[in-house]
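*Asks:* Below are the structure tokens for one structure; questions will follow.
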Amino acid sequence: VVSLFLLGMCFLSIRFYHKGTDVREYFIADAGMPWWAAGISQYVTMFGTLACLFVPAFAFVSDWSSLSLFVGILFVSLVLAKKYVPLIRNVKGFSIYSHLQERFGSCVRLFAVLFSLLFAFVRIVLFLFLPAYFIALATDLNTIMCIVLTGIVALLCVLAGGVKGITWGNVAVFSVFVLGLVVMAVFLIAGTEGGVKGYFDVASQNGKFGFIDDSMGFPSVFWILLIGGITNACSLLMGEQSLAQHTLIVRDTKSASRAVLLNGIIAAVVGLLL
């Protein structure tokens, strides 16, 4: 399954390789991507393996307290779709940092780019290590080899496919993710005595539907994750090129706003399901 998935990602990159001859098409897909694909791709870019691993692990040992993190992201998406997206759509060029140079000069733009690259490096290290680690566990391969393999596939997707290859690759990743959720839910319910009712009874008895953790006399986890979700979503959606670029690959401002809203909705729904 893992091999087929990696081969499929390589196929997508090769498919878009010969079409990426124009700079505008390579970086913003000539503003011709569907808004729903841009929204899904933005969600996958924002969370990736973190949503697949962190949220289920947190829910296993706790409850729905982590949902406040995704509620904050949904709130930010609503605001940004109305106020921030029109500003980004007026940027001349293929980068959101072009706006910084127009308003504040090249020094501010260089400063923002350098820190963005540093942040992106940390994210790449984390996003490469997590899937490679679990691939190694599932296949008995060496972890270093898995890191190199996933890195090569990711590099191929970026260099050969351009933003089109990345976007449709992220849609494929999301489809596999949703399919995995469905299969997991079916097996869990089928393996629980009493079926669907028994499944929810067991979850309720173990306190898995709690939303506010007041064990410390104050809903600290709820508010910490809510505020953290809001601030993190603002910094990522407004300042991270790989995320903000998704507002430039669609036809118009209305489509870009829809993509950002879809990202927030998916984050909230997936957070609830996980």
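Order determines the names: the first chain of the structure tokens is A, the second B, and so forth; residues in each chain are numbered 1 upward, and ligands are numbered 1 upward as they are shown.
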List every residue of segment 63-176 of chain A that has an atom at most 10 Å from any atom of segment 222-239 of chain A, and for each one report the closest atom pair and its distance in Å to one decimal, counting only C-alpha atoms, with rows sorted by chain and then by increasing residue number, as a Markdown table.
*Replies:*
```
| residue | atom | partner | partner_atom | distance |
| --- | --- | --- | --- | --- |
| A:Trp64 | CA | A:Phe222 | CA | 9.3 |
| A:Ser65 | CA | A:Phe222 | CA | 5.7 |
| A:Ser66 | CA | A:Leu225 | CA | 6.5 |
| A:Leu67 | CA | A:Leu225 | CA | 8.2 |
| A:Ser68 | CA | A:Leu226 | CA | 4.8 |
| A:Leu69 | CA | A:Gly229 | CA | 4.5 |
| A:Phe70 | CA | A:Gly229 | CA | 6.4 |
| A:Val71 | CA | A:Leu226 | CA | 6.9 |
| A:Gly72 | CA | A:Ile230 | CA | 4.7 |
| A:Ile73 | CA | A:Gly229 | CA | 5.6 |
| A:Leu74 | CA | A:Ile230 | CA | 8.5 |
| A:Phe75 | CA | A:Ile230 | CA | 7.4 |
| A:Val76 | CA | A:Ile230 | CA | 6.1 |
| A:Ser77 | CA | A:Ala233 | CA | 8.0 |
| A:Val79 | CA | A:Cys234 | CA | 9.8 |
| A:Leu80 | CA | A:Met238 | CA | 8.3 |
| A:Tyr84 | CA | A:Met238 | CA | 7.8 |
| A:Val85 | CA | A:Met238 | CA | 9.1 |
| A:Ile88 | CA | A:Met238 | CA | 9.0 |
| A:Ile96 | CA | A:Gly239 | CA | 7.9 |
| A:Tyr97 | CA | A:Gly239 | CA | 8.5 |
| A:Ala112 | CA | A:Gly239 | CA | 8.6 |
| A:Val113 | CA | A:Gly239 | CA | 9.6 |
| A:Ser116 | CA | A:Gly239 | CA | 7.9 |
```
*Asks:* Got time to write the residues from that selection, C-alpha atoms, as an mmCIF file, in the first residue's frame?
*Replies:*
```cif
data_model
loop_
_atom_site.group_PDB
_atom_site.id
_atom_site.type_symbol
_atom_site.label_atom_id
_atom_site.label_comp_id
_atom_site.auth_asym_id
_atom_site.auth_seq_id
_atom_site.Cartn_x
_atom_site.Cartn_y
_atom_site.Cartn_z
ATOM 1 C CA TRP A 64 -12.428 16.343 22.734
ATOM 2 C CA SER A 65 -10.451 19.130 24.399
ATOM 3 C CA SER A 66 -8.214 19.414 21.344
ATOM 4 C CA LEU A 67 -11.258 20.354 19.249
ATOM 5 C CA SER A 68 -10.931 23.939 20.512
ATOM 6 C CA LEU A 69 -7.666 24.134 18.555
ATOM 7 C CA PHE A 70 -9.540 23.546 15.297
ATOM 8 C CA VAL A 71 -12.451 25.790 16.299
ATOM 9 C CA GLY A 72 -9.918 28.614 16.574
ATOM 10 C CA ILE A 73 -8.649 27.824 13.083
ATOM 11 C CA LEU A 74 -12.201 27.934 11.716
ATOM 12 C CA PHE A 75 -12.745 31.346 13.335
ATOM 13 C CA VAL A 76 -9.523 32.710 11.827
ATOM 14 C CA SER A 77 -10.472 31.323 8.396
ATOM 15 C CA VAL A 79 -12.019 36.482 9.287
ATOM 16 C CA LEU A 80 -9.169 36.031 6.806
ATOM 17 C CA TYR A 84 -7.025 39.227 4.280
ATOM 18 C CA VAL A 85 -7.650 37.332 1.047
ATOM 19 C CA ILE A 88 -3.226 38.983 -0.941
ATOM 20 C CA ILE A 96 3.259 37.176 -0.611
ATOM 21 C CA TYR A 97 6.590 38.740 0.329
ATOM 22 C CA ALA A 112 10.750 37.870 6.551
ATOM 23 C CA VAL A 113 11.985 35.396 3.925
ATOM 24 C CA SER A 116 10.162 31.906 6.948
#
```
*Asks:* Which residues, written as JSON, numbers by chain, have at least one atom at most 12 Å from Gln101 of chain A, with only C-alpha atoms counted and residues fewer than 5 positions away on the same chain left out?
*Replies:* {"A": [91, 92, 93, 95, 96, 106, 107, 108, 109, 110, 111, 112, 113]}
*Asks:* Hey, can you spit out that residue selection with all heavy atoms as a CSV table (one decimal), in the first residue's frame?
*Replies:*
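So the final result, stored in part.csv, reads:
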```csv
chain,number,residue,atom,x,y,z
A,91,VAL,N,-1.5,41.3,-4.6
A,91,VAL,CA,-0.1,41.3,-4.7
A,91,VAL,C,0.4,41.1,-6.1
A,91,VAL,O,-0.1,40.2,-6.8
A,91,VAL,CB,0.4,40.2,-3.7
A,91,VAL,CG1,1.9,40.0,-4.0
A,91,VAL,CG2,0.2,40.5,-2.3
A,92,LYS,N,1.4,41.8,-6.5
A,92,LYS,CA,2.0,41.7,-7.8
A,92,LYS,C,3.1,40.7,-7.7
A,92,LYS,O,4.1,40.9,-6.9
A,92,LYS,CB,2.5,43.0,-8.3
A,92,LYS,CG,1.4,44.0,-8.5
A,92,LYS,CD,2.0,45.4,-9.0
A,92,LYS,CE,0.9,46.4,-9.2
A,92,LYS,NZ,1.4,47.7,-9.6
A,93,GLY,N,3.1,39.6,-8.5
A,93,GLY,CA,4.1,38.6,-8.4
A,93,GLY,C,3.5,37.3,-7.9
A,93,GLY,O,2.3,37.1,-7.8
A,95,SER,N,4.7,35.8,-5.0
A,95,SER,CA,5.0,35.6,-3.6
A,95,SER,C,4.3,36.6,-2.7
A,95,SER,O,4.2,37.8,-3.1
A,95,SER,CB,6.6,35.7,-3.4
A,95,SER,OG,6.9,35.8,-2.0
A,96,ILE,N,3.9,36.2,-1.5
A,96,ILE,CA,3.3,37.2,-0.6
A,96,ILE,C,4.3,38.2,-0.1
A,96,ILE,O,3.9,39.3,0.4
A,96,ILE,CB,2.6,36.5,0.6
A,96,ILE,CG1,3.6,35.7,1.4
A,96,ILE,CG2,1.5,35.6,0.1
A,96,ILE,CD1,3.1,35.1,2.6
A,106,SER,N,13.2,46.2,0.5
A,106,SER,CA,13.8,44.9,0.3
A,106,SER,C,14.3,44.3,1.6
A,106,SER,O,14.4,43.1,1.8
A,106,SER,CB,14.9,45.0,-0.7
A,106,SER,OG,15.9,45.9,-0.4
A,107,CYS,N,14.8,45.2,2.6
A,107,CYS,CA,15.4,44.7,3.8
A,107,CYS,C,14.3,43.9,4.6
A,107,CYS,O,14.6,42.9,5.2
A,107,CYS,CB,16.0,45.8,4.6
A,107,CYS,SG,17.4,46.6,3.9
A,108,VAL,N,13.1,44.5,4.7
A,108,VAL,CA,12.0,43.8,5.5
A,108,VAL,C,11.6,42.5,4.8
A,108,VAL,O,11.4,41.5,5.5
A,108,VAL,CB,10.8,44.8,5.6
A,108,VAL,CG1,9.6,44.1,6.2
A,108,VAL,CG2,11.2,46.0,6.4
A,109,ARG,N,11.6,42.6,3.5
A,109,ARG,CA,11.3,41.4,2.7
A,109,ARG,C,12.3,40.3,3.0
A,109,ARG,O,12.0,39.1,3.2
A,109,ARG,CB,11.2,41.7,1.2
A,109,ARG,CG,10.9,40.4,0.4
A,109,ARG,CD,10.9,40.7,-1.1
A,109,ARG,NE,10.6,39.5,-1.8
A,109,ARG,CZ,10.5,39.4,-3.2
A,109,ARG,NH1,10.7,40.5,-3.9
A,109,ARG,NH2,10.3,38.3,-3.8
A,110,LEU,N,13.6,40.6,2.9
A,110,LEU,CA,14.6,39.7,3.1
A,110,LEU,C,14.6,39.1,4.6
A,110,LEU,O,14.8,37.9,4.8
A,110,LEU,CB,16.0,40.3,2.9
A,110,LEU,CG,17.2,39.4,3.1
A,110,LEU,CD1,17.2,38.3,2.1
A,110,LEU,CD2,18.5,40.2,2.9
A,111,PHE,N,14.3,39.9,5.5
A,111,PHE,CA,14.2,39.5,6.9
A,111,PHE,C,13.1,38.5,7.1
A,111,PHE,O,13.2,37.4,7.7
A,111,PHE,CB,13.9,40.7,7.8
A,111,PHE,CG,13.8,40.4,9.3
A,111,PHE,CD1,14.9,40.2,10.1
A,111,PHE,CD2,12.5,40.2,9.9
A,111,PHE,CE1,14.8,39.9,11.4
A,111,PHE,CE2,12.4,39.9,11.2
A,111,PHE,CZ,13.5,39.7,12.0
A,112,ALA,N,11.9,38.8,6.5
A,112,ALA,CA,10.8,37.9,6.6
A,112,ALA,C,11.0,36.5,5.8
A,112,ALA,O,10.6,35.5,6.3
A,112,ALA,CB,9.5,38.6,6.0
A,113,VAL,N,11.7,36.6,4.7
A,113,VAL,CA,12.0,35.4,3.9
A,113,VAL,C,12.9,34.5,4.7
A,113,VAL,O,12.7,33.3,4.7
A,113,VAL,CB,12.6,35.8,2.6
A,113,VAL,CG1,13.1,34.5,1.9
A,113,VAL,CG2,11.5,36.4,1.7
```
*Asks:* Would you tabulate, counting only C-alpha atoms, all residues of segment 117-159 of chain A that have an atom at most 12 Å from an atom of segment 165-180 of chain A, showing the closest pair of atoms and their distance in Å to one decimal, sorted by chain then ascending number, as JSON lines?
*Replies:*
```
{"residue": "A:Val153", "atom": "CA", "partner": "A:Gly169", "partner_atom": "CA", "distance": 11.0}
{"residue": "A:Ala154", "atom": "CA", "partner": "A:Ile166", "partner_atom": "CA", "distance": 8.9}
{"residue": "A:Leu155", "atom": "CA", "partner": "A:Ile166", "partner_atom": "CA", "distance": 10.2}
{"residue": "A:Leu156", "atom": "CA", "partner": "A:Gly165", "partner_atom": "CA", "distance": 9.5}
{"residue": "A:Cys157", "atom": "CA", "partner": "A:Ile166", "partner_atom": "CA", "distance": 6.1}
{"residue": "A:Val158", "atom": "CA", "partner": "A:Ile166", "partner_atom": "CA", "distance": 6.3}
{"residue": "A:Leu159", "atom": "CA", "partner": "A:Gly165", "partner_atom": "CA", "distance": 9.1}
```
*Asks:* With only C-alpha atoms as the atoms that count, which of A:Leu100, A:Val250, A:Ala267, A:Leu272 lies nearest to Pro34 of chain A?
*Replies:*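 Residue with the minimum atom-to-atom distance to Pro34 of chain A: A:Val250.
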*Asks:* Quick one, how far is atom CA of Arg103 of chain A from atom CA of Arg89 of chain A?
*Replies:*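 If I compute the distance from atom CA of Arg103 of chain A to atom CA of Arg89 of chain A, I get 15.4 Å.
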*Asks:* Could you work out how far atom CA of Val23 of chain A lies from atom CA of Lys254 of chain A, giving the answer in Å with one decimal?
*Replies:*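 Distance reported for this atom pair: 24.0 Å.
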*Asks:* Can you tell me how far atom CA of Phe5 of chain A sits from atom CA of Ala132 of chain A, in Å to one decimal?
*Replies:*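 Atom-to-atom, atom CA of Phe5 of chain A and atom CA of Ala132 of chain A are spaced 13.5 Å apart.
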*Asks:* Closest to Trp35 of chain A among A:Leu181, A:Leu248, A:Leu188, A:Leu149, using only C-alpha atoms?
*Replies:* A:Leu248
*Asks:* Return the single residue from A:Lys164, A:Arg123, A:Lys197, A:Arg258 that is closest to Ala31 of chain A, with distances computed using only C-alpha atoms.
*Replies:*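 The answer is A:Lys164, which sits nearest to Ala31 of chain A.
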